[in-house]
file work_29.csv (CSV, C-alpha atoms)
chain,number,residue,atom,x,y,z
A,1,LYS,CA,-20.6,7.3,-1.1
A,2,VAL,CA,-18.2,4.3,-0.7
A,3,PRO,CA,-20.8,1.8,0.5
A,4,VAL,CA,-22.9,2.6,-2.6
A,5,VAL,CA,-19.9,2.3,-4.9
A,6,ASN,CA,-19.1,-1.1,-3.3
A,7,ARG,CA,-22.6,-2.3,-3.9
A,8,ILE,CA,-22.6,-1.3,-7.5
A,9,SER,CA,-19.2,-2.9,-7.9
A,10,LYS,CA,-20.4,-6.2,-6.5
A,11,GLU,CA,-23.6,-6.2,-8.6
A,12,CYS,CA,-21.7,-5.4,-11.9
A,13,PHE,CA,-18.9,-8.0,-11.2
A,14,LYS,CA,-21.6,-10.7,-11.4
A,15,ASP,CA,-22.0,-9.8,-15.0
A,16,ILE,CA,-18.4,-10.3,-15.9
A,17,GLU,CA,-17.0,-12.8,-13.4
A,18,ALA,CA,-17.2,-15.6,-16.0
A,19,PHE,CA,-14.9,-13.7,-18.4
A,20,GLU,CA,-11.2,-14.6,-18.8
A,21,LYS,CA,-9.0,-12.7,-16.3
A,22,GLU,CA,-7.3,-10.8,-19.2
A,23,GLU,CA,-10.7,-9.5,-20.4
A,24,ILE,CA,-11.6,-8.3,-16.9
A,25,PHE,CA,-8.2,-6.6,-16.6
A,26,LYS,CA,-9.0,-4.7,-19.8
A,27,LEU,CA,-12.2,-3.5,-18.3
A,28,ILE,CA,-10.4,-2.5,-15.1
A,29,GLU,CA,-7.9,-0.5,-17.1
A,30,ILE,CA,-10.8,1.4,-18.8
A,31,LEU,CA,-12.1,2.2,-15.3
A,32,TRP,CA,-8.6,3.5,-14.2
A,33,GLN,CA,-8.3,5.6,-17.4
A,34,SER,CA,-11.5,7.5,-16.6
A,35,GLY,CA,-9.8,9.4,-13.8
A,36,ILE,CA,-13.1,9.2,-11.8
A,37,LEU,CA,-12.5,8.3,-8.1
A,38,GLU,CA,-15.6,6.1,-7.8
A,39,GLU,CA,-14.6,4.2,-10.9
A,40,SER,CA,-11.1,3.7,-9.5
A,41,PHE,CA,-12.6,2.1,-6.4
A,42,ILE,CA,-14.5,-0.4,-8.6
A,43,ALA,CA,-11.2,-1.1,-10.4
A,44,CYS,CA,-9.7,-1.9,-7.0
A,45,ASN,CA,-12.6,-4.1,-6.0
A,46,TRP,CA,-12.6,-6.1,-9.2
A,47,THR,CA,-8.9,-6.6,-9.1
A,48,TYR,CA,-9.1,-7.9,-5.5
A,49,SER,CA,-12.0,-10.2,-6.5
A,50,LEU,CA,-9.5,-11.9,-8.9
A,51,ARG,CA,-6.9,-12.4,-6.2
A,52,LYS,CA,-7.1,-16.3,-6.3
A,53,SER,CA,-6.0,-16.2,-9.9
A,54,PHE,CA,-3.1,-13.7,-9.5
A,55,GLN,CA,0.0,-14.8,-11.4
A,56,PRO,CA,3.6,-13.4,-11.3
A,57,ALA,CA,3.1,-11.7,-14.7
A,58,ASP,CA,0.4,-9.5,-13.1
A,59,PHE,CA,2.9,-7.5,-11.1
A,60,ALA,CA,3.9,-5.6,-14.3
A,61,ILE,CA,0.3,-4.7,-14.9
A,62,PHE,CA,-0.2,-3.5,-11.3
A,63,LYS,CA,2.9,-1.4,-11.5
A,64,LYS,CA,1.7,0.2,-14.7
A,65,TRP,CA,-1.7,1.1,-13.1
A,66,ILE,CA,0.0,2.7,-10.1
A,67,ASP,CA,2.4,4.6,-12.3
A,68,LEU,CA,0.0,5.8,-14.9
A,69,TYR,CA,-3.4,6.1,-13.3
A,70,ILE,CA,-3.2,6.6,-9.5
A,71,ASN,CA,-3.4,10.2,-8.6
A,72,ASN,CA,-4.7,10.4,-5.0
A,73,TRP,CA,-4.1,8.7,-1.7
A,74,ALA,CA,-7.5,7.0,-1.5
A,75,SER,CA,-7.1,5.0,-4.8
A,76,CYS,CA,-3.4,4.3,-3.9
A,77,ASP,CA,-4.3,2.9,-0.5
A,78,THR,CA,-7.3,0.9,-1.6
A,79,PHE,CA,-5.4,-0.7,-4.5
A,80,CYS,CA,-2.1,-1.3,-2.7
A,81,ASN,CA,-3.4,-2.4,0.8
A,82,HIS,CA,-5.5,-5.1,-0.8
A,83,SER,CA,-4.5,-6.3,-4.2
A,84,VAL,CA,-0.8,-5.5,-4.2
A,85,GLY,CA,-0.5,-6.6,-0.5
A,86,GLU,CA,-2.2,-9.9,-1.4
A,87,PHE,CA,0.0,-10.4,-4.4
A,88,ILE,CA,3.2,-9.8,-2.4
A,89,GLN,CA,2.1,-12.4,0.2
A,90,MET,CA,1.5,-14.9,-2.6
A,91,TYR,CA,4.8,-14.1,-4.4
A,92,PRO,CA,7.3,-12.7,-1.9
A,93,ASP,CA,10.1,-12.7,-4.5
A,94,PHE,CA,8.5,-9.5,-5.8
A,95,LEU,CA,9.5,-7.6,-2.6
A,96,VAL,CA,12.7,-6.7,-4.4
A,97,GLU,CA,10.6,-5.1,-7.2
A,98,LEU,CA,8.4,-3.3,-4.6
A,99,LYS,CA,11.6,-1.8,-3.0
A,100,LYS,CA,12.5,-0.3,-6.3
A,101,PHE,CA,9.3,1.8,-6.1
A,102,THR,CA,11.0,3.9,-3.4
A,103,LYS,CA,13.3,5.4,-6.0
A,104,SER,CA,10.5,6.5,-8.4
A,105,LYS,CA,9.9,10.2,-9.2
A,106,ASN,CA,6.2,9.4,-8.9
A,107,ARG,CA,5.0,10.1,-5.3
A,108,TRP,CA,2.3,7.4,-5.6
A,109,MET,CA,4.8,4.8,-6.5
A,110,ARG,CA,6.8,5.7,-3.5
A,111,ARG,CA,3.8,5.7,-1.2
A,112,ALA,CA,2.8,2.3,-2.8
A,113,SER,CA,6.1,0.8,-1.8
A,114,ALA,CA,5.0,1.3,1.9
A,115,VAL,CA,1.2,1.0,1.9
A,116,SER,CA,1.4,-2.3,0.0
A,117,LEU,CA,2.9,-3.8,3.1
A,118,ILE,CA,0.3,-2.7,5.7
A,119,ILE,CA,-1.6,-5.9,5.9
A,120,PRO,CA,1.5,-8.2,5.7
A,121,ALA,CA,3.1,-5.9,8.4
A,122,ARG,CA,0.1,-6.5,10.7
A,123,LYS,CA,0.7,-10.2,10.3
A,124,GLY,CA,4.3,-9.8,11.4
A,125,LEU,CA,5.7,-10.5,7.9
A,126,PHE,CA,8.7,-9.0,6.0
A,127,LEU,CA,10.1,-6.9,8.9
A,128,ASP,CA,13.6,-6.6,7.4
A,129,LEU,CA,12.2,-5.3,4.1
A,130,ILE,CA,9.8,-3.0,5.9
A,131,PHE,CA,12.9,-1.4,7.6
A,132,GLU,CA,14.7,-1.2,4.2
A,133,ILE,CA,11.8,0.6,2.6
A,134,ALA,CA,11.4,2.9,5.6
A,135,ASP,CA,15.2,3.7,5.3
A,136,ASN,CA,14.9,4.4,1.6
A,137,LEU,CA,11.9,6.8,2.2
A,138,LEU,CA,13.2,8.2,5.5
A,139,LEU,CA,14.0,11.7,4.2
A,140,ASP,CA,11.3,11.9,1.5
A,141,LYS,CA,10.0,15.5,1.4
A,142,ASP,CA,6.5,14.5,0.4
A,143,ASP,CA,4.1,14.4,3.4
A,144,LEU,CA,1.9,11.7,1.8
A,145,VAL,CA,5.0,9.4,1.4
A,146,GLN,CA,6.0,10.3,5.0
A,147,LYS,CA,2.6,9.3,6.3
A,148,GLY,CA,2.6,6.1,4.1
A,149,TYR,CA,5.9,4.7,5.6
A,150,GLY,CA,4.9,5.9,9.1
A,151,TRP,CA,1.7,3.9,8.7
A,152,MET,CA,3.7,0.9,7.5
A,153,LEU,CA,5.9,1.1,10.6
A,154,LYS,CA,2.8,1.5,12.9
A,155,ALA,CA,1.3,-1.7,11.3
A,156,ALA,CA,4.6,-3.5,11.9
A,157,SER,CA,4.7,-2.4,15.5
A,158,GLU,CA,1.5,-4.5,16.2
A,159,SER,CA,3.7,-7.6,16.0
A,160,HIS,CA,7.2,-6.2,16.4
A,161,GLN,CA,6.8,-3.3,18.9
A,162,GLN,CA,10.3,-3.4,20.3
A,163,GLU,CA,12.0,-3.7,16.9
A,164,VAL,CA,10.0,-0.8,15.5
A,165,PHE,CA,10.7,1.3,18.6
A,166,ASP,CA,14.4,0.6,18.3
A,167,PHE,CA,14.4,1.6,14.6
A,168,VAL,CA,12.5,4.8,15.4
A,169,MET,CA,14.9,5.7,18.3
A,170,LYS,CA,17.9,5.2,16.0
A,171,LYS,CA,16.4,7.4,13.3
A,172,LYS,CA,14.4,10.0,15.3
A,173,SER,CA,17.0,12.8,14.9
A,174,ILE,CA,16.5,12.8,11.2
A,175,MET,CA,13.0,11.2,10.7
A,176,PRO,CA,10.3,13.7,9.8
A,177,ARG,CA,7.9,14.2,12.8
A,178,THR,CA,4.9,13.2,10.7
A,179,SER,CA,6.4,9.8,10.1
A,180,LEU,CA,7.5,9.4,13.6
A,181,ARG,CA,4.1,10.3,15.1
A,182,TYR,CA,2.4,7.7,12.8
A,183,ALA,CA,5.0,5.0,13.6
A,184,ILE,CA,4.6,5.2,17.4
A,185,GLU,CA,0.8,5.8,17.5
A,186,LYS,CA,0.0,2.3,18.9
A,187,MET,CA,2.9,2.1,21.4
A,188,PRO,CA,2.5,2.6,25.2
A,189,LYS,CA,2.6,6.2,26.5
A,190,GLU,CA,6.1,5.9,27.9
A,191,MET,CA,7.5,4.7,24.6
A,192,ARG,CA,5.7,7.4,22.7
A,193,LYS,CA,7.1,10.0,25.1
A,194,GLN,CA,10.6,8.7,24.8
A,195,ALA,CA,10.4,8.7,21.0
A,196,MET,CA,9.0,12.3,20.8
A,197,ASP,CA,11.6,13.8,23.2
A,198,LYS,CA,14.0,15.9,21.3
call {"tool": "encode", "arguments": {"input": "work_29.csv", "output": "structure tokens"}}
result
Amino acid sequence: KVPVVNRISKECFKDIEAFEKEEIFKLIEILWQSGILEESFIACNWTYSLRKSFQPADFAIFKKWIDLYINNWASCDTFCNHSVGEFIQMYPDFLVELKKFTKSKNRWMRRASAVSLIIPARKGLFLDLIFEIADNLLLDKDDLVQKGYGWMLKAASESHQQEVFDFVMKKKSIMPRTSLRYAIEKMPKEMRKQAMDK
């Protein structure tokens, strides 16, 4: 269970926290390579534990891990919500790189482009880029990508309710219902009804 995995993760990190970041990254990559879900959660936790030492060059490593090793929504969201989201807030110039994920053939890269912005979105950050990513993913056929960008819009609506509502109203004739329902979930009943009306 996740709480048990998190406890193991914390205990084991004490044994390696004095290592150089590059050494810890090598261990994290071994965990990703195992393909075992619980080990991927430890990889996510250890990466996030290093957040204060993130450097711009780390983005290429994070991108590789998403592209090569992530194969389920739980690992994708755990890694991207926390580590990638934190990185993007530290180095917003990489938003341009994140946007490129929307064009990937890999469904997890496309989902990552949206779910990496959940926490920044809740803080009211990067609204213009959130809309650009949602636009790029708007007609994606993959339901996990649809849910990912719908969730990103919902998070953005916490600080920018009217702007997200206006975006949804403009796109609702072509936006998949899955994304639309996620995007408006936290809005007042009247707004939700208006958005859902055909």
call {"tool": "residues_near_point", "arguments": {"input": "work_29.csv", "point": "(16.1, 3.7, 12.1)", "cutoff": "12 Å", "atoms": "only C-alpha atoms", "output": "ChimeraX atom specification"}}
result
/A:128,130-139,150,153,163-176,179-180,183,195
call {"tool": "closest_atom_pairs", "arguments": {"input": "work_29.csv", "of": "range 119-183 of chain A", "to": "range 66-90 of chain A", "cutoff": "10 Å", "atoms": "all atoms listed in the file", "output": "JSON lines"}}
result
{"residue": "A:Ile119", "atom": "CA", "partner": "A:Asn81", "partner_atom": "CA", "distance": 6.4}
{"residue": "A:Pro120", "atom": "CA", "partner": "A:Gly85", "partner_atom": "CA", "distance": 6.7}
{"residue": "A:Ala121", "atom": "CA", "partner": "A:Gly85", "partner_atom": "CA", "distance": 9.6}
{"residue": "A:Leu125", "atom": "CA", "partner": "A:Gln89", "partner_atom": "CA", "distance": 8.7}
{"residue": "A:Phe126", "atom": "CA", "partner": "A:Gln89", "partner_atom": "CA", "distance": 9.4}
{"residue": "A:Leu144", "atom": "CA", "partner": "A:Trp73", "partner_atom": "CA", "distance": 7.6}
{"residue": "A:Val145", "atom": "CA", "partner": "A:Trp73", "partner_atom": "CA", "distance": 9.6}
{"residue": "A:Gly148", "atom": "CA", "partner": "A:Asp77", "partner_atom": "CA", "distance": 8.9}
call {"tool": "closest_residue", "arguments": {"input": "work_29.csv", "among": "A:Ala18, A:Val4, A:Ile24, A:Ala60", "to": "Trp46 in chain A", "atoms": "all atoms listed in the file"}}
result
A:Ile24
call {"tool": "atom_distance", "arguments": {"input": "work_29.csv", "atom1": "CA of Val115 in chain A", "atom2": "CA of Trp151 in chain A"}}
result
7.4 Å
call {"tool": "atom_distance", "arguments": {"input": "work_29.csv", "atom1": "CA of Leu37 in chain A", "atom2": "CA of Thr102 in chain A"}}
result
24.4 Å
call {"tool": "atom_distance", "arguments": {"input": "work_29.csv", "atom1": "CA of Lys52 in chain A", "atom2": "CA of Ile36 in chain A"}}
result
26.8 Å
call {"tool": "residues_around", "arguments": {"input": "work_29.csv", "residues": "Ile118 in chain A", "least_positions_apart": "4", "cutoff": "7 Å", "atoms": "only C-alpha atoms", "output": "number ranges by chain"}}
result
A: 81, 122, 152, 155
call {"tool": "closest_residue", "arguments": {"input": "work_29.csv", "among": "A:Lys64, A:Asn106, A:Gly124, A:Ile184", "to": "His160 in chain A", "atoms": "only C-alpha atoms"}}
result
A:Gly124
call {"tool": "closest_residue", "arguments": {"input": "work_29.csv", "among": "A:Arg110, A:Tyr182, A:Leu129, A:Asp140", "to": "Leu95 in chain A", "atoms": "only C-alpha atoms"}}
result
A:Leu129
call {"tool": "residues_around", "arguments": {"input": "work_29.csv", "residues": "range 9-16 of chain A", "least_positions_apart": "6", "cutoff": "9 Å", "atoms": "only C-alpha atoms", "output": "list in words"}}
result
Glu23, Ile24, Glu39, Phe41, Ile42, Ala43, Asn45, Trp46 and Ser49 of chain A
call {"tool": "closest_residue", "arguments": {"input": "work_29.csv", "among": "A:Leu127, A:Cys44, A:Ile28, A:Leu117", "to": "Phe94 in chain A", "atoms": "all atoms listed in the file"}}
result
A:Leu117
call {"tool": "axis_aligned_box", "arguments": {"input": "work_29.csv", "around": "range 40-44 of chain A", "padding_each_side": "5 Å", "output": "AutoDock Vina command-line options"}}
result
--center_x -12.1 --center_y 0.9 --center_z -8.4 --size_x 14.8 --size_y 15.6 --size_z 14.0
call {"tool": "closest_residue", "arguments": {"input": "work_29.csv", "among": "A:Arg51, A:Lys123, A:Arg7, A:Arg181", "to": "Lys147 in chain A", "atoms": "only C-alpha atoms"}}
result
A:Arg181
call {"tool": "closest_residue", "arguments": {"input": "work_29.csv", "among": "A:Ser113, A:Gln146, A:Thr47, A:Ser159", "to": "Val96 in chain A", "atoms": "all atoms listed in the file"}}
result
A:Ser113
call {"tool": "build_atoms", "arguments": {"input": "work_29.csv", "residues": "range 146-158 of chain A", "atoms": "N, CA and C atoms", "output": "mmCIF file, in the frame of the given file"}}
result
data_model
loop_
_atom_site.group_PDB
_atom_site.id
_atom_site.type_symbol
_atom_site.label_atom_id
_atom_site.label_comp_id
_atom_site.auth_asym_id
_atom_site.auth_seq_id
_atom_site.Cartn_x
_atom_site.Cartn_y
_atom_site.Cartn_z
ATOM 1 N N GLN A 146 5.673 10.347 3.606
ATOM 2 C CA GLN A 146 6.000 10.300 5.000
ATOM 3 C C GLN A 146 4.943 9.552 5.834
ATOM 4 N N LYS A 147 3.688 9.942 5.571
ATOM 5 C CA LYS A 147 2.600 9.300 6.300
ATOM 6 C C LYS A 147 2.460 7.830 5.896
ATOM 7 N N GLY A 148 2.730 7.521 4.619
ATOM 8 C CA GLY A 148 2.600 6.100 4.100
ATOM 9 C C GLY A 148 3.631 5.226 4.848
ATOM 10 N N TYR A 149 4.904 5.650 4.950
ATOM 11 C CA TYR A 149 5.900 4.700 5.600
ATOM 12 C C TYR A 149 5.720 4.756 7.109
ATOM 13 N N GLY A 150 5.225 5.880 7.657
ATOM 14 C CA GLY A 150 4.900 5.900 9.100
ATOM 15 C C GLY A 150 3.814 4.911 9.443
ATOM 16 N N TRP A 151 2.810 4.856 8.581
ATOM 17 C CA TRP A 151 1.700 3.900 8.700
ATOM 18 C C TRP A 151 2.183 2.481 8.644
ATOM 19 N N MET A 152 3.076 2.219 7.692
ATOM 20 C CA MET A 152 3.700 0.900 7.500
ATOM 21 C C MET A 152 4.388 0.470 8.830
ATOM 22 N N LEU A 153 5.173 1.386 9.399
ATOM 23 C CA LEU A 153 5.900 1.100 10.600
ATOM 24 C C LEU A 153 4.911 0.848 11.798
ATOM 25 N N LYS A 154 3.850 1.668 11.851
ATOM 26 C CA LYS A 154 2.800 1.500 12.900
ATOM 27 C C LYS A 154 2.213 0.071 12.777
ATOM 28 N N ALA A 155 1.896 -0.349 11.534
ATOM 29 C CA ALA A 155 1.300 -1.700 11.300
ATOM 30 C C ALA A 155 2.318 -2.764 11.774
ATOM 31 N N ALA A 156 3.597 -2.564 11.465
ATOM 32 C CA ALA A 156 4.600 -3.500 11.900
ATOM 33 C C ALA A 156 4.765 -3.593 13.396
ATOM 34 N N SER A 157 4.506 -2.458 14.059
ATOM 35 C CA SER A 157 4.700 -2.400 15.500
ATOM 36 C C SER A 157 3.619 -3.269 16.239
ATOM 37 N N GLU A 158 2.541 -3.644 15.532
ATOM 38 C CA GLU A 158 1.500 -4.500 16.200
ATOM 39 C C GLU A 158 2.098 -5.869 16.507
#
